[in-house]
$ cat input_15.cif   # mmCIF, C-alpha atoms
data_run
loop_
_atom_site.label_atom_id
_atom_site.label_comp_id
_atom_site.auth_asym_id
_atom_site.auth_seq_id
_atom_site.Cartn_x
_atom_site.Cartn_y
_atom_site.Cartn_z
CA MET A 1 0.36 22.92 19.88
CA LEU A 2 1.09 19.25 19.30
CA TYR A 3 -1.17 19.17 16.27
CA THR A 4 0.16 22.33 14.55
CA LEU A 5 1.97 20.38 11.85
CA CYS A 6 -1.20 18.43 11.01
CA PHE A 7 -3.20 21.61 10.55
CA ILE A 8 -0.46 23.25 8.46
CA LEU A 9 -0.26 20.15 6.24
CA PHE A 10 -4.03 20.05 5.89
CA ALA A 11 -4.07 23.75 4.95
CA VAL A 12 -1.40 23.14 2.31
CA GLY A 13 -3.47 20.36 0.81
CA LEU A 14 -6.63 22.45 0.88
CA PHE A 15 -4.77 25.32 -0.78
CA ALA A 16 -3.59 23.00 -3.57
CA VAL A 17 -7.09 21.60 -4.11
CA SER A 18 -8.78 25.00 -4.20
CA THR A 19 -6.30 27.01 -6.27
CA GLN A 20 -4.51 24.68 -8.67
CA LYS A 21 -5.76 24.08 -12.18
CA ASN A 22 -3.67 21.01 -13.04
CA ILE A 23 -5.61 17.90 -12.06
CA ILE A 24 -2.44 16.05 -11.01
CA LYS A 25 -1.65 18.85 -8.54
CA ILE A 26 -5.19 18.63 -7.18
CA ILE A 27 -4.68 14.90 -6.60
CA MET A 28 -1.41 15.68 -4.82
CA GLY A 29 -3.31 18.13 -2.60
CA ILE A 30 -5.91 15.49 -1.77
CA GLU A 31 -3.14 13.06 -0.80
CA ILE A 32 -1.44 15.68 1.40
CA MET A 33 -4.77 16.22 3.21
CA ASP A 34 -5.10 12.45 3.60
CA LEU A 35 -1.63 12.24 5.17
CA ALA A 36 -2.39 15.16 7.48
CA VAL A 37 -5.50 13.42 8.80
CA ASN A 38 -3.55 10.17 9.26
CA LEU A 39 -0.85 12.04 11.17
CA PHE A 40 -3.49 13.67 13.35
CA LEU A 41 -5.05 10.33 14.22
CA VAL A 42 -1.69 8.71 15.05
CA MET A 43 -0.74 11.67 17.24
CA SER A 44 -4.03 11.40 19.13
CA GLY A 45 -2.67 8.13 20.57
CA TYR A 46 0.66 9.71 21.49
CA ARG A 47 1.88 9.78 25.06
CA ALA A 48 5.08 11.48 26.20
CA ASP A 49 7.68 8.90 27.33
CA GLY A 50 5.23 6.14 26.43
CA ARG A 51 6.23 2.52 25.93
CA THR A 52 5.33 0.12 23.15
CA PRO A 53 1.83 -1.34 23.57
CA ILE A 54 3.01 -4.93 24.00
CA LEU A 55 1.99 -6.74 27.20
CA THR A 56 4.78 -9.04 28.46
CA ARG A 57 5.14 -11.10 31.60
CA GLU A 58 7.77 -8.73 33.10
CA VAL A 59 5.42 -5.76 33.39
CA SER A 60 2.31 -5.56 35.56
CA ARG A 61 -0.96 -4.69 33.87
CA PRO A 62 -1.79 -1.40 35.71
CA GLU A 63 1.74 -0.12 35.16
CA TRP A 64 1.51 -1.06 31.48
CA LEU A 65 -1.87 0.65 31.12
CA ALA A 66 -0.47 3.82 32.65
CA ALA A 67 2.55 3.96 30.35
CA ALA A 68 1.70 2.39 26.97
CA VAL A 69 0.73 4.46 23.94
CA ASP A 70 -2.66 3.85 22.35
CA PRO A 71 -2.33 1.13 19.67
CA PHE A 72 -5.88 1.53 18.36
CA PRO A 73 -5.33 4.66 16.18
CA GLN A 74 -2.18 3.07 14.77
CA ALA A 75 -4.05 -0.02 13.61
CA MET A 76 -6.90 2.07 12.20
CA VAL A 77 -4.50 4.43 10.41
CA LEU A 78 -2.81 1.46 8.77
CA THR A 79 -6.18 0.58 7.24
CA SER A 80 -6.68 4.23 6.31
CA ILE A 81 -3.31 4.30 4.50
CA VAL A 82 -4.32 1.27 2.43
CA ILE A 83 -7.65 2.89 1.54
CA GLY A 84 -5.77 6.09 0.65
CA LEU A 85 -3.64 4.08 -1.74
CA GLY A 86 -6.73 2.67 -3.44
CA VAL A 87 -8.28 6.13 -3.69
CA LEU A 88 -5.06 7.48 -5.20
CA ALA A 89 -5.03 4.75 -7.86
CA LEU A 90 -8.69 5.45 -8.71
CA LEU A 91 -8.10 9.23 -8.92
CA LEU A 92 -5.09 8.77 -11.21
CA VAL A 93 -7.02 6.46 -13.52
CA LEU A 94 -9.85 9.01 -13.70
CA ALA A 95 -7.28 11.71 -14.51
CA LEU A 96 -5.82 9.51 -17.24
CA ARG A 97 -9.27 8.99 -18.76
CA LEU A 98 -9.92 12.74 -18.66
CA TYR A 99 -6.60 13.29 -20.42
CA GLY A 100 -7.56 10.77 -23.05
CA ARG A 101 -10.88 12.54 -23.59
CA TYR A 102 -9.70 16.17 -23.58
CA GLY A 103 -5.95 15.98 -24.24
CA THR A 104 -5.15 18.23 -21.27
CA TYR A 105 -4.85 18.11 -17.50
CA ASP A 106 -6.13 21.70 -17.10
CA ILE A 107 -9.56 21.59 -15.46
CA THR A 108 -10.57 25.00 -16.85
CA LYS A 109 -10.34 23.59 -20.38
CA MET A 110 -12.55 20.58 -19.61
CA ARG A 111 -15.79 22.33 -20.46
CA LYS A 112 -17.33 20.73 -23.47
CA LEU A 113 -19.65 17.86 -22.81
CA ARG A 114 -18.79 15.03 -25.14
CA GLY A 115 -20.82 11.91 -25.23
CA MET B 1 16.48 3.04 -21.26
CA SER B 2 20.18 2.36 -21.73
CA GLU B 3 21.89 -0.98 -21.16
CA ILE B 4 23.48 0.32 -17.92
CA VAL B 5 20.12 1.18 -16.40
CA ARG B 6 18.61 -2.14 -17.42
CA THR B 7 21.50 -4.14 -15.95
CA VAL B 8 21.67 -2.20 -12.71
CA THR B 9 17.89 -2.46 -12.29
CA ARG B 10 18.09 -6.22 -12.56
CA TRP B 11 20.66 -6.27 -9.73
CA ILE B 12 18.77 -3.80 -7.56
CA PHE B 13 15.56 -5.76 -8.11
CA ALA B 14 17.06 -8.79 -6.34
CA PHE B 15 18.00 -6.71 -3.29
CA ILE B 16 14.60 -5.01 -3.13
CA ALA B 17 12.84 -8.38 -3.38
CA THR B 18 15.06 -9.84 -0.63
CA TYR B 19 14.32 -6.93 1.69
CA GLY B 20 10.61 -7.21 0.93
CA VAL B 21 10.62 -10.91 1.82
CA TYR B 22 12.55 -10.09 5.01
CA LEU B 23 9.95 -7.48 6.00
CA VAL B 24 7.17 -10.01 5.46
CA ALA B 25 8.89 -12.90 7.25
CA TYR B 26 9.87 -10.86 10.33
CA GLY B 27 6.71 -8.73 10.34
CA HIS B 28 5.55 -10.09 13.70
CA LEU B 29 8.86 -9.26 15.43
CA THR B 30 10.13 -6.02 13.88
CA PRO B 31 8.51 -3.03 12.17
CA GLY B 32 7.12 -4.07 8.82
CA GLY B 33 4.61 -6.75 8.07
CA GLY B 34 2.42 -7.83 5.21
CA PHE B 35 1.47 -4.46 3.79
CA ALA B 36 4.89 -2.81 4.06
CA GLY B 37 6.65 -5.89 2.68
CA GLY B 38 4.13 -6.22 -0.14
CA VAL B 39 4.61 -2.58 -1.12
CA MET B 40 8.38 -3.13 -1.05
CA LEU B 41 8.06 -6.18 -3.34
CA ALA B 42 5.78 -4.24 -5.68
CA SER B 43 8.21 -1.32 -5.79
CA GLY B 44 10.77 -3.68 -7.33
CA TYR B 45 8.32 -4.30 -10.15
CA VAL B 46 7.68 -0.54 -10.39
CA LEU B 47 11.41 -0.13 -10.97
CA LEU B 48 11.24 -2.74 -13.74
CA VAL B 49 8.30 -0.89 -15.35
CA LEU B 50 10.17 2.40 -15.21
CA SER B 51 13.38 1.02 -16.70
CA ARG B 52 12.04 -1.42 -19.32
CA GLY B 53 8.56 -0.21 -20.09
CA ALA B 54 5.27 -1.78 -19.15
CA LYS B 55 5.23 -4.35 -21.92
CA GLU B 56 8.46 -6.06 -20.95
CA ALA B 57 7.90 -5.74 -17.19
CA GLU B 58 4.49 -7.34 -17.56
CA LYS B 59 6.18 -10.51 -18.81
CA SER B 60 8.15 -10.87 -15.56
CA LEU B 61 4.99 -11.76 -13.64
CA GLY B 62 2.16 -11.63 -16.16
CA LEU B 63 -1.17 -9.89 -15.72
CA ARG B 64 -3.24 -13.06 -15.58
CA PRO B 65 -1.09 -14.87 -12.95
CA ALA B 66 -0.94 -11.62 -10.99
CA LYS B 67 -4.72 -11.38 -10.91
CA ALA B 68 -4.94 -15.05 -9.90
CA LEU B 69 -2.39 -14.58 -7.09
CA ASP B 70 -4.35 -11.50 -5.99
CA SER B 71 -7.42 -13.64 -5.41
CA VAL B 72 -5.33 -16.41 -3.84
CA GLY B 73 -3.98 -13.94 -1.26
CA ALA B 74 -7.46 -12.80 -0.26
CA LEU B 75 -8.78 -16.37 -0.09
CA LEU B 76 -5.75 -17.53 1.92
CA PHE B 77 -6.40 -14.79 4.48
CA LEU B 78 -10.05 -15.79 4.71
CA ALA B 79 -9.10 -19.48 4.99
CA ILE B 80 -6.77 -18.75 7.91
CA ALA B 81 -9.54 -16.80 9.64
CA VAL B 82 -12.13 -19.56 9.13
CA LEU B 83 -9.65 -22.25 10.27
CA GLY B 84 -9.57 -20.46 13.61
CA LEU B 85 -13.33 -20.91 13.76
CA VAL B 86 -13.11 -24.59 12.81
CA LEU B 87 -10.12 -25.69 14.92
CA GLY B 88 -10.52 -23.23 17.78
CA GLN B 89 -13.34 -21.33 19.36
CA GLY B 90 -13.58 -18.16 17.33
CA PHE B 91 -13.04 -16.36 14.05
CA PHE B 92 -9.35 -15.45 13.63
CA GLU B 93 -8.36 -17.44 16.70
CA ASN B 94 -4.64 -18.08 16.86
CA PHE B 95 -5.05 -21.87 16.97
CA ILE B 96 -1.37 -22.66 16.27
CA GLN B 97 -0.21 -20.48 19.16
CA LYS B 98 -2.84 -22.07 21.44
CA SER B 99 -1.78 -25.66 20.70
CA THR B 100 2.01 -25.18 20.41
CA PRO B 101 3.14 -21.96 22.12
CA GLY B 102 6.47 -20.70 20.84
CA GLU B 103 9.31 -18.93 22.57
CA PRO B 104 9.14 -15.11 22.54
CA LEU B 105 11.28 -13.35 19.89
CA GLU B 106 11.74 -16.52 17.85
CA ILE B 107 10.68 -16.53 14.23
CA LEU B 108 8.16 -19.34 14.71
CA ASN B 109 6.41 -18.01 17.77
CA ALA B 110 3.34 -16.12 16.65
CA GLY B 111 1.14 -18.87 15.24
CA ILE B 112 -1.02 -17.62 12.38
CA ILE B 113 0.31 -14.05 12.29
CA PRO B 114 3.21 -14.78 9.87
CA LEU B 115 0.79 -16.75 7.67
CA CYS B 116 -1.57 -13.76 7.61
CA ASN B 117 1.37 -11.52 6.75
CA ILE B 118 2.29 -13.75 3.81
CA ALA B 119 -1.29 -13.69 2.51
CA ILE B 120 -1.49 -9.89 2.83
CA ALA B 121 1.89 -9.46 1.12
CA LEU B 122 0.78 -11.65 -1.79
CA LYS B 123 -2.41 -9.61 -2.17
CA VAL B 124 -0.74 -6.20 -1.91
CA MET B 125 2.18 -7.06 -4.19
CA THR B 126 0.13 -8.46 -7.04
CA SER B 127 -2.63 -5.85 -6.91
CA LEU B 128 -0.11 -3.00 -6.91
CA PHE B 129 1.71 -4.68 -9.79
CA VAL B 130 -1.52 -4.91 -11.80
CA VAL B 131 -2.46 -1.29 -11.02
CA PHE B 132 0.93 0.05 -12.01
CA VAL B 133 1.31 -2.01 -15.18
CA VAL B 134 -2.19 -1.12 -16.40
CA MET B 135 -1.66 2.56 -15.67
CA ALA B 136 1.76 2.57 -17.34
CA SER B 137 0.52 0.80 -20.47
CA VAL B 138 -2.16 3.42 -21.28
CA ARG B 139 -1.36 5.09 -24.60
CA PHE B 140 -3.06 8.11 -26.09
CA ALA B 141 -3.71 8.11 -29.79
CA GLY B 142 -3.87 11.91 -29.70
CA SER B 143 -5.83 14.68 -28.06
CA GLY B 144 -9.57 14.19 -28.06
CA GLU B 145 -9.23 10.50 -28.89
CA GLU B 146 -10.49 7.54 -26.93
CA LEU B 147 -8.06 5.64 -24.77
CA GLU B 148 -6.30 2.64 -26.18
CA TYR B 149 -4.90 -0.07 -23.97
CA THR B 150 -1.88 -1.81 -25.38
CA SER B 151 -2.32 -4.78 -23.09
CA GLU B 152 -5.16 -6.95 -24.22
CA GLU B 153 -8.33 -6.68 -22.18
CA GLU B 154 -9.75 -9.89 -20.80
#

$ encode --input "input_15.cif" --output "structure tokens"
Amino acid sequence: MLYTLCFILFAVGLFAVSTQKNIIKIIMGIEIMDLAVNLFLVMSGYRADGRTPILTREVSRPEWLAAAVDPFPQAMVLTSIVIGLGVLALLLVLALRLYGRYGTYDITKMRKLRG
Amino acid sequence: MSEIVRTVTRWIFAFIATYGVYLVAYGHLTPGGGFAGGVMLASGYVLLVLSRGAKEAEKSLGLRPAKALDSVGALLFLAIAVLGLVLGQGFFENFIQKSTPGEPLEILNAGIIPLCNIAIALKVMTSLFVVFVVMASVRFAGSGEELEYTSEEE
């Protein structure tokens, strides 16, 4: 139930990738899927009424371990967001090159092989 | 773009840059940090590209200095990590915090973490600037033609 939004978002992205013909819309679908996976990973570290994962002197270690949210997925997802940004830049440059070669963003018209 | 847009963008750019520097400088205390602050700084340049065109925005930082600063950011991060190995016991050891512990919730309390944030922000800002300027300066001579870059290739 907690992860419903992630699955809906992922389905939206998959729908865009599999049905759209415009290459920019396909890239948008890929990015929506990327965000859905990131959201899923962050929510896997979620804990209801959790506290921030910072160990201070005021709180005892067992109590902190029982209450703090998991910081590991958050740190990993931050890396994943950066990689997603790089992938997005690469995809857009490839789309630009395809536009320069064919003069269109429609993937059904990119048929002819041109050396 | 019109004169109004160009003037307002110049004003807004200063505020965006200030907020980006704030996010970087207080990254170890509040939400934010190197990546978020770097993206914020780069978004100011994105605004410049959108309002003035890639050619004029490129002059504000320059592609070649941006590429150099990009490498400097990465090397600075690596240097901080190796300094932990040299001055302390391990890779990425927080040697400043070990030798002179700071008060909690003060700006100078986290040792090498703000320095790492600055290096990351430098890297992220300049690389995003380069990516956006290069992508915005692509011109098409017409359909079926090869790409032409208006900025000179190095």

$ closest_residue --input "input_15.cif" --among "B:Val5, B:Cys116, B:Ile16, B:Val39" --to "chain A" --atoms "only C-alpha atoms"
B:Val39

$ closest_residue --input "input_15.cif" --among "B:Ala54, B:Gly62, B:Val8, B:Gly32" --to "chain A" --atoms "only C-alpha atoms"
B:Gly32

$ residues_around --input "input_15.cif" --residues "Ala66 (chain A)" --least-positions-apart "5" --cutoff "12 Å" --atoms "only C-alpha atoms" --output "ChimeraX atom specification"
/A:47-53,59-61

$ resolve_selection --input "input_15.cif" --expression "the PyMOL selection byres ((chain B and resi 64-68) around 12)" --output "NGL selection string"
:B and (42 or 45 or 58-63 or 69-75 or 122-134 or 151-154)

$ interface_residues --input "input_15.cif" --of "chain A" --to "chain B" --cutoff "9 Å" --atoms "only C-alpha atoms" --output "PyMOL selection string"
chain A and resi 78+82+89+92-93+96-97+99-104

$ residues_near_point --input "input_15.cif" --point "(-3.1, 3.9, 12.9)" --cutoff "12 Å" --atoms "all atoms listed in the file" --output "ChimeraX atom specification"
/A:35,37-46,69-82

$ atom_distance --input "input_15.cif" --atom1 "CA of Leu85 (chain A)" --atom2 "CA of Ile26 (chain A)"
15.6 Å

$ resolve_selection --input "input_15.cif" --expression "the PyMOL selection byres ((chain B and resi 14) around 12)" --output "ChimeraX atom specification"
/B:7-13,15-21,40-41,43-45,47-48

$ residues_around --input "input_15.cif" --residues "Lys98 (chain B)" --least-positions-apart "6" --cutoff "10 Å" --atoms "only C-alpha atoms" --output "MDAnalysis selection string"
chainID B and resid 88 110:111

$ write_last_selection --input "input_15.cif" --atoms "C-alpha atoms" --output "PDB file, in the coordinates of the input"
ATOM      1  CA  GLY B  88     -10.520 -23.230  17.780  1.00  0.00           C
ATOM      2  CA  ALA B 110       3.340 -16.120  16.650  1.00  0.00           C
ATOM      3  CA  GLY B 111       1.140 -18.870  15.240  1.00  0.00           C
TER       4      GLY B 111
END

$ atom_distance --input "input_15.cif" --atom1 "CA of Ile30 (chain A)" --atom2 "CA of Met1 (chain A)"
23.7 Å

$ axis_aligned_box --input "input_15.cif" --around "region 20-26 of chain B" --padding-each-side "8 Å" --output "JSON"
{"center_x": 9.9, "center_y": -10.1, "center_z": 5.6, "size_x": 21.4, "size_y": 21.7, "size_z": 25.4}

$ atom_distance --input "input_15.cif" --atom1 "CA of Leu29 (chain B)" --atom2 "CA of Gly84 (chain A)"
25.8 Å

$ decode --input "input_15.cif" --residues "region 22-49 of chain A" --atoms "N, CA, C and O atoms" --output "JSON list (two decimals), in the first residue's frame"
[["chain", "number", "residue", "atom", "x", "y", "z"],
["A", 22, "ASN", "N", 7.27, 10.27, -30.21],
["A", 22, "ASN", "CA", 8.23, 11.38, -30.11],
["A", 22, "ASN", "C", 9.35, 10.98, -29.15],
["A", 22, "ASN", "O", 9.11, 10.53, -28.04],
["A", 23, "ILE", "N", 10.59, 11.16, -29.60],
["A", 23, "ILE", "CA", 11.72, 10.66, -28.81],
["A", 23, "ILE", "C", 11.89, 11.46, -27.52],
["A", 23, "ILE", "O", 12.34, 10.93, -26.51],
["A", 24, "ILE", "N", 11.48, 12.73, -27.54],
["A", 24, "ILE", "CA", 11.57, 13.54, -26.31],
["A", 24, "ILE", "C", 10.60, 13.00, -25.26],
["A", 24, "ILE", "O", 10.91, 12.92, -24.07],
["A", 25, "LYS", "N", 9.41, 12.56, -25.72],
["A", 25, "LYS", "CA", 8.44, 12.00, -24.76],
["A", 25, "LYS", "C", 8.93, 10.67, -24.22],
["A", 25, "LYS", "O", 8.67, 10.33, -23.06],
["A", 26, "ILE", "N", 9.63, 9.90, -25.04],
["A", 26, "ILE", "CA", 10.21, 8.64, -24.55],
["A", 26, "ILE", "C", 11.24, 8.92, -23.47],
["A", 26, "ILE", "O", 11.28, 8.25, -22.43],
["A", 27, "ILE", "N", 12.06, 9.97, -23.68],
["A", 27, "ILE", "CA", 13.06, 10.33, -22.67],
["A", 27, "ILE", "C", 12.37, 10.77, -21.39],
["A", 27, "ILE", "O", 12.81, 10.43, -20.28],
["A", 28, "MET", "N", 11.26, 11.51, -21.53],
["A", 28, "MET", "CA", 10.51, 11.92, -20.33],
["A", 28, "MET", "C", 9.99, 10.69, -19.60],
["A", 28, "MET", "O", 10.02, 10.63, -18.35],
["A", 29, "GLY", "N", 9.53, 9.67, -20.34],
["A", 29, "GLY", "CA", 9.06, 8.44, -19.72],
["A", 29, "GLY", "C", 10.16, 7.73, -18.96],
["A", 29, "GLY", "O", 9.96, 7.24, -17.83],
["A", 30, "ILE", "N", 11.36, 7.69, -19.57],
["A", 30, "ILE", "CA", 12.50, 7.05, -18.90],
["A", 30, "ILE", "C", 12.81, 7.77, -17.59],
["A", 30, "ILE", "O", 13.07, 7.15, -16.56],
["A", 31, "GLU", "N", 12.75, 9.12, -17.62],
["A", 31, "GLU", "CA", 13.06, 9.87, -16.41],
["A", 31, "GLU", "C", 12.00, 9.66, -15.33],
["A", 31, "GLU", "O", 12.32, 9.60, -14.14],
["A", 32, "ILE", "N", 10.72, 9.52, -15.76],
["A", 32, "ILE", "CA", 9.66, 9.26, -14.77],
["A", 32, "ILE", "C", 9.89, 7.90, -14.11],
["A", 32, "ILE", "O", 9.74, 7.75, -12.89],
["A", 33, "MET", "N", 10.30, 6.90, -14.91],
["A", 33, "MET", "CA", 10.61, 5.59, -14.34],
["A", 33, "MET", "C", 11.77, 5.68, -13.36],
["A", 33, "MET", "O", 11.77, 5.05, -12.28],
["A", 34, "ASP", "N", 12.78, 6.47, -13.73],
["A", 34, "ASP", "CA", 13.94, 6.68, -12.86],
["A", 34, "ASP", "C", 13.51, 7.26, -11.51],
["A", 34, "ASP", "O", 13.90, 6.76, -10.44],
["A", 35, "LEU", "N", 12.63, 8.30, -11.58],
["A", 35, "LEU", "CA", 12.17, 8.92, -10.34],
["A", 35, "LEU", "C", 11.34, 7.95, -9.51],
["A", 35, "LEU", "O", 11.43, 7.95, -8.27],
["A", 36, "ALA", "N", 10.55, 7.10, -10.19],
["A", 36, "ALA", "CA", 9.73, 6.14, -9.44],
["A", 36, "ALA", "C", 10.61, 5.16, -8.68],
["A", 36, "ALA", "O", 10.34, 4.84, -7.51],
["A", 37, "VAL", "N", 11.68, 4.70, -9.32],
["A", 37, "VAL", "CA", 12.59, 3.77, -8.64],
["A", 37, "VAL", "C", 13.28, 4.46, -7.47],
["A", 37, "VAL", "O", 13.41, 3.89, -6.37],
["A", 38, "ASN", "N", 13.71, 5.72, -7.68],
["A", 38, "ASN", "CA", 14.34, 6.47, -6.59],
["A", 38, "ASN", "C", 13.39, 6.61, -5.41],
["A", 38, "ASN", "O", 13.78, 6.42, -4.25],
["A", 39, "LEU", "N", 12.13, 6.93, -5.72],
["A", 39, "LEU", "CA", 11.12, 7.10, -4.66],
["A", 39, "LEU", "C", 10.92, 5.80, -3.91],
["A", 39, "LEU", "O", 10.84, 5.77, -2.67],
["A", 40, "PHE", "N", 10.90, 4.69, -4.66],
["A", 40, "PHE", "CA", 10.74, 3.38, -4.03],
["A", 40, "PHE", "C", 11.88, 3.09, -3.06],
["A", 40, "PHE", "O", 11.66, 2.64, -1.94],
["A", 41, "LEU", "N", 13.10, 3.40, -3.50],
["A", 41, "LEU", "CA", 14.25, 3.10, -2.65],
["A", 41, "LEU", "C", 14.25, 3.97, -1.39],
["A", 41, "LEU", "O", 14.57, 3.49, -0.30],
["A", 42, "VAL", "N", 13.89, 5.26, -1.55],
["A", 42, "VAL", "CA", 13.85, 6.13, -0.36],
["A", 42, "VAL", "C", 12.79, 5.64, 0.61],
["A", 42, "VAL", "O", 12.99, 5.59, 1.82],
["A", 43, "MET", "N", 11.62, 5.21, 0.05],
["A", 43, "MET", "CA", 10.54, 4.78, 0.94],
["A", 43, "MET", "C", 10.86, 3.46, 1.61],
["A", 43, "MET", "O", 10.28, 3.15, 2.66],
["A", 44, "SER", "N", 11.78, 2.67, 1.04],
["A", 44, "SER", "CA", 12.14, 1.43, 1.71],
["A", 44, "SER", "C", 12.87, 1.70, 3.03],
["A", 44, "SER", "O", 12.92, 0.83, 3.90],
["A", 45, "GLY", "N", 13.44, 2.90, 3.21],
["A", 45, "GLY", "CA", 14.06, 3.25, 4.48],
["A", 45, "GLY", "C", 13.14, 4.00, 5.40],
["A", 45, "GLY", "O", 13.55, 4.44, 6.46],
["A", 46, "TYR", "N", 11.87, 4.13, 5.00],
["A", 46, "TYR", "CA", 10.92, 4.92, 5.80],
["A", 46, "TYR", "C", 10.51, 4.18, 7.07],
["A", 46, "TYR", "O", 10.45, 2.95, 7.09],
["A", 47, "ARG", "N", 10.26, 4.96, 8.11],
["A", 47, "ARG", "CA", 9.75, 4.37, 9.35],
["A", 47, "ARG", "C", 8.76, 5.39, 9.92],
["A", 47, "ARG", "O", 9.09, 6.57, 10.02],
["A", 48, "ALA", "N", 7.58, 4.89, 10.28],
["A", 48, "ALA", "CA", 6.55, 5.79, 10.80],
["A", 48, "ALA", "C", 7.01, 6.41, 12.11],
["A", 48, "ALA", "O", 7.56, 5.72, 12.96],
["A", 49, "ASP", "N", 6.85, 7.72, 12.25],
["A", 49, "ASP", "CA", 7.29, 8.48, 13.43],
["A", 49, "ASP", "C", 8.78, 8.30, 13.68],
["A", 49, "ASP", "O", 9.23, 8.28, 14.83]]
